[in-house]
Structures are given as structure tokens and as C-alpha cells.
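J.: model.cif is the file, holding mmCIF, C-alpha atoms:
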data_coords
loop_
_atom_site.label_atom_id
_atom_site.label_comp_id
_atom_site.auth_asym_id
_atom_site.auth_seq_id
_atom_site.Cartn_x
_atom_site.Cartn_y
_atom_site.Cartn_z
CA MET A 61 71.81 76.87 163.80
CA LEU A 62 71.97 80.62 164.23
CA SER A 63 74.95 80.29 166.50
CA ALA A 64 76.79 78.92 163.47
CA LEU A 65 76.60 82.35 161.91
CA GLN A 66 78.18 84.03 164.91
CA ASN A 67 81.23 81.86 165.21
CA PRO A 68 83.41 82.35 162.11
CA ARG A 69 84.93 78.87 162.36
CA HIS A 70 81.51 77.28 162.54
CA ALA A 71 80.37 79.31 159.57
CA ALA A 72 83.50 78.40 157.62
CA THR A 73 82.97 74.73 158.41
CA GLN A 74 79.35 74.79 157.28
CA LEU A 75 80.31 76.57 154.08
CA LEU A 76 83.10 74.07 153.52
CA ASN A 77 80.70 71.15 153.89
CA PHE A 78 78.57 72.61 151.14
CA GLY A 79 81.58 73.41 148.97
CA LEU A 80 83.00 69.93 149.35
CA ILE A 81 79.81 68.29 148.19
CA LEU A 82 79.87 70.33 144.99
CA SER A 83 83.60 69.99 144.44
CA THR A 84 83.63 66.25 145.08
CA ALA A 85 80.89 65.75 142.52
CA PHE A 86 82.82 67.89 140.03
CA MET A 87 86.14 66.13 140.66
CA MET A 88 84.54 62.69 140.33
CA TRP A 89 83.20 63.78 136.97
CA LYS A 90 86.63 65.07 135.96
CA GLY A 91 88.28 61.90 137.19
CA LEU A 92 85.94 59.86 135.04
CA SER A 93 86.68 62.18 132.11
CA VAL A 94 90.42 61.68 132.50
CA ILE A 95 90.08 57.90 132.78
CA ALA A 96 87.83 57.63 129.73
CA ASP A 97 89.80 60.38 127.94
CA SER A 98 86.54 62.03 127.01
CA PRO A 99 85.36 65.55 127.85
CA SER A 100 81.94 64.12 128.60
CA PRO A 101 82.10 60.44 129.59
CA ILE A 102 78.39 60.19 130.39
CA VAL A 103 75.76 61.59 128.04
CA VAL A 104 72.01 61.52 127.86
CA VAL A 105 70.25 60.63 124.61
CA LEU A 106 68.27 63.69 123.60
CA SER A 107 66.60 62.49 120.40
CA GLY A 108 64.90 59.40 119.09
CA SER A 109 67.21 59.08 116.08
CA MET A 110 68.80 55.87 117.39
CA GLU A 111 65.56 54.05 118.14
CA PRO A 112 65.07 51.22 118.85
CA ALA A 113 68.61 50.90 120.24
CA PHE A 114 68.41 53.97 122.46
CA LEU A 115 65.41 56.01 123.55
CA ARG A 116 65.22 59.58 124.73
CA GLY A 117 66.52 59.79 128.29
CA ASP A 118 68.86 56.81 128.18
CA LEU A 119 72.16 57.33 129.95
CA LEU A 120 75.22 56.33 127.92
CA PHE A 121 78.74 55.60 129.15
CA LEU A 122 81.51 56.53 126.75
CA TRP A 123 85.06 55.34 126.26
CA ASN A 124 87.37 57.39 124.09
CA ARG A 125 90.62 55.40 124.00
CA ASN A 126 91.63 53.20 121.08
CA ILE A 127 93.90 50.87 123.02
CA PHE A 128 93.26 47.63 121.14
CA GLU A 129 91.58 48.65 117.93
CA GLU A 130 90.44 51.65 115.96
CA THR A 131 86.93 52.98 115.84
CA LYS A 132 85.27 50.92 113.14
CA VAL A 133 82.07 50.64 111.12
CA GLY A 134 79.08 49.52 113.20
CA GLU A 135 80.23 51.20 116.39
CA ILE A 136 77.89 53.69 118.02
CA VAL A 137 79.77 56.91 118.67
CA VAL A 138 79.03 60.30 120.14
CA TYR A 139 80.40 63.31 118.29
CA ASN A 140 80.21 67.07 118.38
CA VAL A 141 79.60 68.90 115.12
CA LYS A 142 82.26 71.57 114.61
CA GLY A 143 81.18 74.86 116.19
CA ARG A 144 78.19 73.37 117.95
CA ASP A 145 78.20 71.88 121.39
CA ILE A 146 75.37 69.37 121.12
CA PRO A 147 76.58 65.78 121.32
CA ILE A 148 74.99 63.49 118.73
CA VAL A 149 74.73 59.71 119.22
CA HIS A 150 74.87 57.90 115.88
CA ARG A 151 76.35 54.79 114.29
CA VAL A 152 79.43 54.74 112.07
CA VAL A 153 78.36 53.47 108.64
CA ARG A 154 81.34 54.27 106.40
CA LYS A 155 85.03 54.51 107.00
CA PHE A 156 87.71 55.51 104.55
CA GLY A 157 91.37 55.29 105.48
CA VAL A 158 93.01 54.36 108.77
CA GLY A 159 94.31 56.09 111.88
CA GLU A 160 93.79 59.69 112.83
CA GLU A 161 93.17 60.71 109.26
CA ALA A 162 90.37 58.23 108.59
CA LYS A 163 87.17 59.77 107.27
CA LEU A 164 84.02 58.59 109.02
CA LEU A 165 80.36 58.91 108.10
CA THR A 166 77.60 58.35 110.62
CA LYS A 167 73.86 57.78 110.50
CA GLY A 168 71.07 57.45 113.04
CA ASP A 169 69.43 54.01 112.94
CA ALA A 170 65.99 55.60 112.82
CA ASN A 171 66.94 58.27 110.28
CA VAL A 172 66.33 57.87 106.57
CA ALA A 173 69.51 59.64 105.47
CA ASP A 174 73.06 59.77 106.77
CA ASP A 175 74.42 62.68 108.75
CA THR A 176 75.89 64.85 106.00
CA GLU A 177 72.95 67.21 106.49
CA LEU A 178 73.76 67.58 110.21
CA PHE A 179 77.43 68.41 109.70
CA ALA A 180 78.67 71.97 109.71
CA ARG A 181 78.87 73.94 106.47
CA GLY A 182 81.75 72.61 104.41
CA GLN A 183 82.15 69.49 106.55
CA ASP A 184 81.55 66.26 104.62
CA TYR A 185 82.85 63.71 107.08
CA LEU A 186 83.96 63.21 110.68
CA GLN A 187 87.48 62.59 111.88
CA ARG A 188 88.59 60.71 114.95
CA GLU A 189 89.12 63.96 116.88
CA ASP A 190 85.47 64.99 116.44
CA ILE A 191 84.35 61.90 118.32
CA ILE A 192 84.12 62.19 122.10
CA GLY A 193 83.61 58.49 122.75
CA SER A 194 82.13 55.14 121.79
CA VAL A 195 79.16 53.82 123.70
CA VAL A 196 80.23 51.01 126.05
CA GLY A 197 77.22 50.78 128.33
CA PHE A 198 73.87 52.33 129.04
CA ILE A 199 71.15 52.65 131.67
CA PRO A 200 67.67 53.13 130.26
CA PHE A 201 65.58 56.18 131.14
CA VAL A 202 67.43 57.53 134.21
CA GLY A 203 68.75 60.50 132.22
CA TYR A 204 65.25 61.78 131.68
CA VAL A 205 65.68 64.04 134.72
CA THR A 206 68.33 66.04 132.89
CA ILE A 207 66.06 66.41 129.87
CA LEU A 208 63.41 67.82 132.19
CA LEU A 209 65.97 70.11 133.79
CA SER A 210 67.23 71.47 130.49
CA GLU A 211 63.74 71.94 129.12
CA HIS A 212 62.56 73.69 132.30
CA PRO A 213 65.62 75.63 133.50
CA TRP A 214 63.87 77.04 136.59
CA LEU A 215 63.90 73.51 138.07
CA LYS A 216 67.69 73.78 138.29
CA THR A 217 67.55 76.93 140.37
CA VAL A 218 64.97 75.42 142.67
CA MET A 219 66.98 72.23 143.17
CA LEU A 220 70.24 74.05 143.82
CA GLY A 221 68.55 76.36 146.31
CA ILE A 222 66.99 73.49 148.23
CA MET A 223 70.27 71.57 148.33
CA GLY A 224 72.16 74.60 149.60
CA LEU A 225 69.62 75.33 152.30
CA VAL A 226 69.52 71.78 153.54
CA VAL A 227 73.30 71.52 153.82
CA VAL A 228 73.75 74.87 155.54
CA LEU A 229 70.94 74.42 158.02
CA GLN A 230 71.30 70.83 159.11
CA ARG A 231 73.95 69.70 161.55
CA GLU A 232 73.05 66.12 162.11
CA MET B 207 67.09 88.03 177.31
CA SER B 208 63.93 86.03 176.95
CA VAL B 209 64.76 82.41 177.44
CA SER B 210 62.16 80.98 175.12
CA GLU B 211 64.13 81.96 172.05
CA ASP B 212 66.73 79.36 172.82
CA LYS B 213 64.24 76.56 173.15
CA ILE B 214 65.01 73.31 171.38
CA SER B 215 63.07 70.15 170.90
CA VAL B 216 63.98 67.76 173.67
CA TYR B 217 63.11 64.86 171.40
CA SER B 218 65.84 65.71 168.92
CA VAL B 219 69.10 64.17 170.06
CA ALA B 220 70.96 66.27 167.48
CA ASP B 221 69.58 69.49 168.96
CA LEU B 222 70.43 68.35 172.48
CA LYS B 223 73.96 67.50 171.43
CA ASN B 224 74.57 70.65 169.40
CA THR B 225 73.35 72.91 172.18
CA SER B 226 75.50 71.12 174.72
CA ASP B 227 78.49 71.14 172.36
CA ASP B 228 78.13 74.90 171.95
CA ALA B 229 77.81 75.40 175.69
CA LEU B 230 81.03 73.55 176.44
CA PRO B 231 83.49 76.08 174.98
CA ALA B 232 81.42 78.96 176.35
CA TYR B 233 81.69 77.54 179.84
CA LEU B 234 85.33 76.51 179.74
CA ASN B 235 86.45 79.78 178.17
CA SER B 236 84.67 81.66 180.92
CA LEU B 237 86.92 79.82 183.37
CA SER B 238 90.62 80.28 182.84
CA PHE B 239 90.95 77.97 179.87
CA ALA B 240 92.33 79.17 176.58
CA GLN B 241 90.74 77.36 173.67
CA SER B 242 93.00 75.96 170.98
CA HIS B 243 91.61 75.94 167.47
CA THR B 244 94.44 73.97 165.87
CA LEU B 245 92.30 70.95 165.04
CA THR B 246 89.60 73.00 163.35
CA ASP B 247 92.14 75.17 161.56
CA ILE B 248 93.92 72.20 160.04
CA ARG B 249 90.60 70.75 158.98
CA LEU B 250 89.63 74.05 157.35
CA ALA B 251 93.04 74.33 155.68
CA LEU B 252 92.76 70.83 154.19
CA GLY B 253 89.18 71.35 153.10
CA TYR B 254 89.67 74.74 151.54
CA SER B 255 92.84 73.75 149.70
CA ALA B 256 90.93 70.82 148.21
CA PHE B 257 88.19 73.22 147.25
CA PHE B 258 90.75 75.58 145.75
CA VAL B 259 92.21 72.79 143.60
CA CYS B 260 88.70 72.05 142.37
CA ALA B 261 88.01 75.71 141.65
CA ALA B 262 91.25 75.99 139.67
CA THR B 263 90.36 72.87 137.68
CA PHE B 264 86.95 74.30 136.93
CA TYR B 265 88.53 77.55 135.80
CA TRP B 266 91.03 76.09 133.33
CA ASP B 267 88.58 73.51 132.11
CA TYR B 268 86.05 76.24 131.44
CA THR B 269 88.59 78.60 129.83
CA TRP B 270 90.77 76.30 127.74
CA GLY B 271 88.61 73.21 127.30
CA PHE B 272 89.16 69.61 128.28
CA ASP B 273 91.62 68.42 125.66
CA ASN B 274 94.14 71.22 126.18
CA THR B 275 94.28 70.74 129.94
CA LYS B 276 94.01 66.96 130.32
CA GLN B 277 97.36 66.49 132.08
CA TYR B 278 96.67 69.24 134.59
CA THR B 279 93.23 67.82 135.26
CA LEU B 280 94.74 64.39 135.91
CA ILE B 281 97.19 65.86 138.41
CA ALA B 282 94.43 67.94 140.02
CA VAL B 283 92.20 64.88 140.41
CA ILE B 284 95.03 63.01 142.15
CA ILE B 285 95.80 65.94 144.47
CA TYR B 286 92.14 66.40 145.25
CA THR B 287 91.77 62.72 146.11
CA LEU B 288 94.79 62.89 148.43
CA LEU B 289 93.60 66.06 150.16
CA ASN B 290 90.12 64.68 150.58
CA SER B 291 91.42 61.41 152.05
CA ALA B 292 93.61 63.39 154.43
CA LEU B 293 90.59 65.44 155.43
CA THR B 294 88.48 62.34 155.99
CA TYR B 295 91.24 60.82 158.08
CA TRP B 296 91.54 64.06 160.05
CA ILE B 297 87.84 64.21 160.80
CA TRP B 298 87.38 60.55 161.74
CA GLY B 299 90.77 59.57 163.00
CA VAL B 300 92.16 62.68 164.68
CA GLU B 301 89.29 65.00 165.60
CA SER B 302 86.76 62.20 166.13
CA GLY B 303 84.13 64.45 167.65
CA THR B 304 86.38 66.88 169.51
CA VAL B 305 84.29 69.80 170.71
CA TYR B 306 86.87 71.46 172.89
CA ALA B 307 90.62 71.54 173.13
CA GLY B 308 92.33 73.97 175.40
CA LYS B 309 94.84 74.74 178.05
CA HIS B 310 94.55 76.17 181.51
CA LYS B 311 96.09 79.61 181.42
CA LYS B 312 97.92 79.29 184.73
CA THR B 313 98.59 75.62 185.42
CA GLY B 314 99.20 74.70 181.78
CA GLU B 315 97.07 71.59 182.02
CA LYS B 316 95.61 70.56 178.71
CA ILE B 317 92.10 69.32 178.22
CA GLN B 318 90.43 67.76 175.21
CA ILE B 319 86.76 66.85 175.15
CA ARG B 320 85.07 64.64 172.59
CA SER B 321 81.34 64.25 172.52
CA LYS B 322 79.17 61.62 171.00
CA THR B 323 75.58 60.47 171.00
CA TYR B 324 73.95 57.29 169.84
CA LYS B 325 70.94 57.39 167.60
CA HIS B 326 67.73 57.98 169.54
CA VAL B 327 69.40 57.59 172.94
CA PRO B 328 69.28 60.90 174.84
CA ASN B 329 72.60 60.48 176.60
CA TYR B 330 75.66 62.65 176.24
CA HIS B 331 78.87 60.66 175.96
CA LEU B 332 82.01 62.59 176.76
CA THR B 333 85.57 61.43 176.45
CA ILE B 334 87.78 63.79 178.37
CA THR B 335 91.53 63.62 178.04
CA THR B 336 93.54 65.75 180.41
CA THR B 337 97.27 66.17 180.17
CA SER B 338 99.16 67.52 183.13
CA ARG B 339 102.18 69.72 182.76
CA ASP B 340 104.65 66.85 182.93
CA GLY B 341 102.95 65.13 180.03
CA LYS B 342 100.95 62.53 181.93
CA SER B 343 97.55 62.12 180.36
CA THR B 344 94.43 60.53 181.72
CA THR B 345 91.25 59.72 179.85
CA LYS B 346 87.84 59.65 181.38
CA HIS B 347 84.52 58.60 179.89
CA LEU B 348 81.29 60.18 181.01
CA CYS B 349 77.78 59.25 180.03
CA LYS B 350 75.12 61.64 181.26
CA ALA B 351 71.44 61.99 180.46
CA PHE B 352 70.59 65.24 178.70
CA LYS B 353 67.64 65.70 181.02
CA GLY B 354 70.13 66.71 183.68
CA TRP B 355 70.54 70.14 182.08
CA PHE B 356 67.53 70.57 179.81
CA ASP B 357 64.13 71.31 181.26
CA VAL B 358 60.89 69.89 179.94
CA GLN B 359 60.38 72.75 177.51
CA GLY B 360 63.84 72.34 176.07
CA HIS B 361 65.67 75.24 177.68
CA PHE B 362 69.32 74.72 178.30
CA ILE B 363 70.14 75.34 181.97
CA ALA B 364 73.76 76.17 182.50
CA LYS B 365 74.16 75.53 186.21
CA PRO B 366 73.64 71.75 186.35
CA PHE B 367 75.63 71.37 183.14
CA GLN B 368 78.56 73.22 184.66
CA GLN B 369 78.24 71.30 187.90
CA MET B 370 78.20 68.04 186.01
CA LEU B 371 81.52 68.96 184.36
CA ALA B 372 83.13 70.55 187.38
CA GLY B 373 82.07 67.64 189.57
CA SER B 374 83.37 64.89 187.30
CA VAL B 375 86.55 66.34 185.83
CA ASP B 376 89.28 67.30 188.26
CA VAL B 377 90.90 69.89 186.05
CA ILE B 378 87.63 71.73 185.55
CA GLY B 379 86.70 71.27 189.20
CA ARG B 380 89.90 72.98 190.27
CA ALA B 381 89.22 75.86 187.91
CA ASP B 382 85.66 76.21 189.12
CA PRO B 383 85.61 75.13 192.77
CA LYS B 384 82.19 76.58 193.49
CA ASN B 385 80.40 74.38 190.97
CA ALA B 386 82.54 71.40 191.87
CA LYS B 387 81.57 71.76 195.51
CA ALA B 388 77.90 72.14 194.66
CA ALA B 389 78.06 69.05 192.48
CA ASN B 390 79.67 66.96 195.20
CA GLU B 391 77.13 68.08 197.77
CA GLY B 392 74.29 67.31 195.42
CA LYS B 393 75.23 63.68 195.00
CA PRO B 394 77.04 62.20 197.94
CA GLU B 395 78.71 58.98 196.94
CA LYS B 396 77.49 58.14 193.50
CA LYS B 397 80.27 58.40 190.99
CA PRO B 398 78.38 57.75 187.80
CA LYS B 399 81.05 56.37 185.59
CA VAL B 400 84.71 55.87 186.13
CA GLU B 401 87.15 54.71 183.51
CA ASP B 402 85.94 51.40 182.32
CA ASN B 403 87.39 48.59 180.34
CA ARG B 404 84.14 46.70 180.41
CA SER B 405 82.56 44.99 177.47
CA MET B 406 80.04 46.77 175.29
CA ASP B 407 77.18 44.74 176.77
CA ASP B 408 77.98 45.87 180.28
CA LYS B 409 78.18 49.43 179.12
CA TRP B 410 74.82 49.20 177.47
CA ALA B 411 73.28 47.63 180.55
CA SER B 412 74.51 50.39 182.82
CA LEU B 413 73.57 52.95 180.24
CA LEU B 414 70.02 51.67 180.12
CA ALA B 415 69.84 51.55 183.89
CA GLU B 416 71.03 55.11 184.02
CA SER B 417 68.55 56.42 181.51
CA SER B 418 65.59 54.74 183.18
CA GLY B 419 66.79 55.22 186.74
CA THR B 420 65.98 58.17 188.96
CA ARG B 421 67.97 61.35 188.86
CA GLU B 422 65.89 63.73 190.84
CA GLN B 423 68.76 65.48 192.51
CA ASP B 424 69.48 67.38 189.31
CA SER B 425 66.03 68.88 188.99
CA SER B 426 66.31 70.66 192.34
CA ALA B 427 69.53 72.25 191.19
CA ALA B 428 67.92 73.17 187.90
CA SER B 429 65.07 75.14 189.41
CA THR B 430 67.39 77.44 191.30
CA ALA B 431 69.84 77.89 188.52
CA THR B 432 67.90 79.68 185.82
CA PRO B 433 68.96 83.23 186.68
CA GLY B 434 72.52 84.25 187.33
CA LYS B 435 75.51 83.08 185.41
CA GLY B 436 73.76 80.80 182.95
CA GLY B 437 71.24 83.43 181.97
CA LYS B 438 73.94 85.98 181.42
CA LYS B 439 75.88 83.73 179.14
CA ARG B 440 72.91 82.91 177.04
CA GLY B 441 72.17 86.58 176.69
CA LYS B 442 75.60 87.09 175.24
CA LYS B 443 75.13 84.34 172.71
CA ALA B 444 71.71 85.28 171.45
#
Let me see the structure of the file written as C-alpha cells.

T.:
Amino acid sequence: MLSALQNPRHAATQLLNFGLILSTAFMMWKGLSVIADSPSPIVVVLSGSMEPAFLRGDLLFLWNRNIFEETKVGEIVVYNVKGRDIPIVHRVVRKFGVGEEAKLLTKGDANVADDTELFARGQDYLQREDIIGSVVGFIPFVGYVTILLSEHPWLKTVMLGIMGLVVVLQRE
Amino acid sequence: MSVSEDKISVYSVADLKNTSDDALPAYLNSLSFAQSHTLTDIRLALGYSAFFVCAATFYWDYTWGFDNTKQYTLIAVIIYTLLNSALTYWIWGVESGTVYAGKHKKTGEKIQIRSKTYKHVPNYHLTITTTSRDGKSTTKHLCKAFKGWFDVQGHFIAKPFQQMLAGSVDVIGRADPKNAKAANEGKPEKKPKVEDNRSMDDKWASLLAESSGTREQDSSAASTATPGKGGKKRGKKA
């Protein structure tokens, strides 16, 4: 394993193996994004506002193309509030108008009030472009790891370090 | 120069294989073979261009956001997939375990060596393809027990390893007559494995026989071989 550091081609190959693992994961994610036409085709539910439909830690799959029909009332969508980058999973409860210009209002199933409070200052409704996808499938609980990782950021560093070491050192 | 630093675990087939794989180019380059790195270079070129495409995608995605760069991302994903498939094909289909490719500096004979091990079987499988100057190529399969050139503690011993190669491959034998001669004296008439078109079962049977059978002639060579050429080479590497 030390000889790998002396031969530049060996070292380059080892480094490449590590790089390809990361880049393949990234490109698979991007491929999924392009197919679903959504910047974030898989999201993790961070709050309990959609209970009992979704719990914290559920993994949701999103689809952001309106091929057959428009986004309509009753659909569960994920949207980003203008200027903030936290995706919110809520249900569409009102819709005025059609097409790109339609005005949408959302509400969490477990919340008492609709989302007007959550919107940015001066924003009274959502438009189609604010939505990053409708929920088409989910896996319960498996996303909890990412909640742990984002709540305890040092775990990320530890995991990345271990992964890197393992790949560089093993030649099986 | 202390030998113990290079000790490996004799129970790890991966360690046995990696050490032997590393010793192959060292030995052949010390003879008059010039190593060709074309296979590795193409693999690196494919891999790093795929990585570069990914890095570029990451950069524009990070800088301009997803929606503004969708088309480019789509193209990048397609290119990445193609490059990665080409790389996979290159590694499995073309390289398929090549540890050495080279050419004799004077005679121009080409040699390509592929190595392989099976899980938990301590035998070194070599596929050696030699191409003479007029383009005629011959392929030879070797299957040798690692214990022939590793001692009990896990030290690699160069002499028997070199004799094994020089004795079984004509091109190497001609480049290293001393080891070839020693190898042929050591084992009179037992050619371990010639080209075979036998079924897998037969191969396994002979393989098992070989691994359980006696091979004492190698250990006598091993005990005398520790100093000298092998030791020097290891010193260079460490």
C-alpha cells in the first residue's frame, strides 16, 4: 500500500477510484434530477407538519413534469419559499387560475392554519415555478440518517474521512 | 534494508497477489524489457475526463443553479455515462488484470502478463501473451502456488519468483538465462502447466492437486536466495 505512493500511476489510479465513486454518485443524482426535471428529486421530510401522511425522516420521491395534467388541489407538493432554501412538503388546498400563472395555496395536514405565514414577506401565494415537485412515492424512515447528519455536522466529516481512507488504502 | 518491513500476511490472498504484481514489473524492467504504460494511460485518461465532466457539472450547477443549466447537465450526464461505460469496458474487457506490458529492447518481442487469483485459493494465475517480431503471438497459462516465493513469515523472495518466470516463459528465459537455467535444473521434467483447452473441472482438479501436492524443490532455492539481487531490489523499493 505504500508502494502505491511511490509509483505515480498507481497513485493516480487510487485517487481516480476514489474520485469516480464520488463523481458517479453525483452524476446519478444529477441524472435523476434531469429526468424528474427537479433540482432535488429526493427529499427528506424534516418536520411533522404532514402527519399522519408523512413522518420526520421519510424519504420522498418527486416528479416535476406536468405531462398529462396540471398540479391540482389535493396533491402533495414540495416547494421552496422565495429567498430561503428549505424545501417544505405540504398539500395544495386552493388553486386559482390555470397554467403557469395559477395561484396556489398550501397547508400542512397537521397544521391549524394554511401556509401564508410561512411565505416570504409580500408573498401571498405560490406559483408553479416555486414548486420543485409532486410526491410520487416514499420510503418511510430511511432518511433519518440525513437528519442526524445535518443536526450533528461533525458526523459528516467523520464519515467522509473514513470512506476516503478505506478507498485509498484497500486494493482488494 | 531490513527485510521485516516488507512482511505481508501469507493468509491474505490480496496481499500475496499485490506484492507479486508489484514485483513483476520490477523484475522485467531490470532485464532488458521496456514497460509500456499505454493501457494504464488510456484508463487514466478515460477516468479523469469523466471526473472532469463531473467537476464541470458541479461547478455550473453550484454557480448558476439547476434550472438555468438543465440542458448542459443533461448533456453532461450522457457524456459521463458514455465515458464511464468505456472505462468499465476498458478495465474488464481490454486490461482484464494486465500487470505488465512491455517489449524487449533488442529483439522487439512483446510480452503481456495478466494475473488473477481466486477467492481464498493461494495460487497465482498468470496469462502470458508473447508476440514475436513477425506478429505471431502465443498465450500461456501458468498457475503457481504463492508459497513458492513467499516464506512462512510472509517475506517476498525474489529468486524463486524470477526463476519461476524465467523457467516457464521462453522470452523471459532468453533475457535472463541464469535464472532460466537454475529453474530447469531445479525441476527436471515437470512442466507444471502447458496451454490447456481442458474443461474447468479438470483445471480445478489439477489445481487442487498442485496446491496440496509437494513442492519442496522451491524451498531449497528460497533459502539461498535471500541476499543478492532480490535483497537489492527490495531495498530500492522501500

J.: Compute the chain B side of the contact with chain A at 6 Å, counting only C-alpha atoms, and hand it back as a list of chain:residue names.

T.: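 Within 6 Å of chain A on chain B, we get B:Ala220, B:Cys260, B:Phe272, B:Val283.
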
J.: Which polymer residues, whether protein, DNA or RNA, lie within 10 Å of the coordinate (90.9, 52.3, 125.3) when you count only C-alpha atoms? List them as an MDAnalysis selection string, using the chain letters and numbers from the file.

T.: chainID A and resid 95:97 123:130 193:194

J.: List the spatial neighbours of region 188-192 of chain A as a list of chain:residue names - criterion: any atom at most 8 Å away, all atoms listed in the file, same-chain residues fewer than 5 positions off excluded.

T.: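 Contacts, with the query itself left out: A:Ser98, A:Pro99, A:Ser100, A:Pro101, A:Leu122, A:Asn124, A:Thr131, A:Val137, A:Val138, A:Tyr139, A:Asn140, A:Val141, A:Lys142, A:Gly159, A:Glu160, A:Glu161, A:Ala162, A:Lys163, A:Leu164.
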
J.: Could you please determine the separation between CA of Pro383 (chain B) and CA of Ser338 (chain B) in Å, to one decimal place?

T.: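 If I compute the distance from CA of Pro383 (chain B) to CA of Ser338 (chain B), I get 18.3 Å.
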
J.: So what do you get for CA of Ile297 (chain B) versus CA of His331 (chain B), distance-wise?

T.: 18.0 Å

J.: Check the smallest atom-to-atom distance from each of B:Asn329, B:Thr246, B:Gln359, B:Asn274 to Val305 (chain B) using all atoms listed in the file, then report the winner.

T.: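 So, comparing all the options, the nearest one is B:Thr246.
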
J.: Rank nothing, just name the residue among A:Ala85, A:Gln74, A:Lys155, A:Gly168 nearest to Thr287 (chain B), using all atoms listed in the file.

T.: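 Selected residue with least distance to Thr287 (chain B): A:Ala85.
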
J.: Just checking: using all atoms listed in the file, which residue out of A:Ala113, A:Val153, A:Ile222, A:Leu165 ends up closest to Leu178 (chain A)?

T.: A:Leu165

J.: What's the separation between CA of Ser302 (chain B) and CA of Asn290 (chain B), in Å to one decimal place?

T.: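 Distance between the two atoms: 16.1 Å.
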
J.: As a VMD selection string, please: the residues near region 229-244 of chain B (cut-off 9 Å, all atoms listed in the file, same-chain neighbours under 3 positions excluded).

T.: (chain A and resid 69) or (chain B and resid 224 to 226 247 to 249 305 to 312 316 to 317 319 362 364 367 to 368 378 381 to 382 439)

J.: Which is closest to Arg380 (chain B) among B:Ser321, B:Thr313, B:Thr335, B:Ile363, if we use all atoms listed in the file?

T.: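 Between B:Ser321, B:Thr313, B:Thr335, B:Ile363, the residue approaching Arg380 (chain B) most closely is B:Thr313.
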
J.: Specify as a PyMOL selection string each residue included when the PyMOL selection byres ((chain A and resi 196-205) around 10) is applied to this file.

T.: chain A and resi 102-106+114-124+135-137+193-195+206-211

J.: Those residues you just picked out, can you put them in a file as a PDB file, in the coordinates of the input with C-alpha atoms?

T.:
ATOM      1  CA  ILE A 102      78.390  60.190 130.390  1.00  0.00           C
ATOM      2  CA  VAL A 103      75.760  61.590 128.040  1.00  0.00           C
ATOM      3  CA  VAL A 104      72.010  61.520 127.860  1.00  0.00           C
ATOM      4  CA  VAL A 105      70.250  60.630 124.610  1.00  0.00           C
ATOM      5  CA  LEU A 106      68.270  63.690 123.600  1.00  0.00           C
ATOM      6  CA  PHE A 114      68.410  53.970 122.460  1.00  0.00           C
ATOM      7  CA  LEU A 115      65.410  56.010 123.550  1.00  0.00           C
ATOM      8  CA  ARG A 116      65.220  59.580 124.730  1.00  0.00           C
ATOM      9  CA  GLY A 117      66.520  59.790 128.290  1.00  0.00           C
ATOM     10  CA  ASP A 118      68.860  56.810 128.180  1.00  0.00           C
ATOM     11  CA  LEU A 119      72.160  57.330 129.950  1.00  0.00           C
ATOM     12  CA  LEU A 120      75.220  56.330 127.920  1.00  0.00           C
ATOM     13  CA  PHE A 121      78.740  55.600 129.150  1.00  0.00           C
ATOM     14  CA  LEU A 122      81.510  56.530 126.750  1.00  0.00           C
ATOM     15  CA  TRP A 123      85.060  55.340 126.260  1.00  0.00           C
ATOM     16  CA  ASN A 124      87.370  57.390 124.090  1.00  0.00           C
ATOM     17  CA  GLU A 135      80.230  51.200 116.390  1.00  0.00           C
ATOM     18  CA  ILE A 136      77.890  53.690 118.020  1.00  0.00           C
ATOM     19  CA  VAL A 137      79.770  56.910 118.670  1.00  0.00           C
ATOM     20  CA  GLY A 193      83.610  58.490 122.750  1.00  0.00           C
ATOM     21  CA  SER A 194      82.130  55.140 121.790  1.00  0.00           C
ATOM     22  CA  VAL A 195      79.160  53.820 123.700  1.00  0.00           C
ATOM     23  CA  THR A 206      68.330  66.040 132.890  1.00  0.00           C
ATOM     24  CA  ILE A 207      66.060  66.410 129.870  1.00  0.00           C
ATOM     25  CA  LEU A 208      63.410  67.820 132.190  1.00  0.00           C
ATOM     26  CA  LEU A 209      65.970  70.110 133.790  1.00  0.00           C
ATOM     27  CA  SER A 210      67.230  71.470 130.490  1.00  0.00           C
ATOM     28  CA  GLU A 211      63.740  71.940 129.120  1.00  0.00           C
TER      29      GLU A 211
END

J.: Need the shell around Gly360 (chain B): protein/DNA/RNA residues with any atom at most 9 Å away, counting all atoms listed in the file. Skip same-chain ones fewer than 3 positions apart. Format as a PyMOL selection string?

T.: chain B and resi 210+212-217+222+356-357

J.: Convert the output of the PyMOL selection byres ((chain B and resi 346) around 6) on the shown file into explicit residues, formatted as an MDAnalysis selection string.

T.: chainID B and resid 333:334 345 347 401

J.: Excluding Asp169 (chain A) and its own-chain neighbours fewer than 4 positions away, which residues fall within 9 Å of it when counting only C-alpha atoms? Please give them as a list in words.

T.: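 In the requested format, the answer is Ser109, Met110, Glu111, Pro112, Ala113, His150 and Arg151 of chain A.
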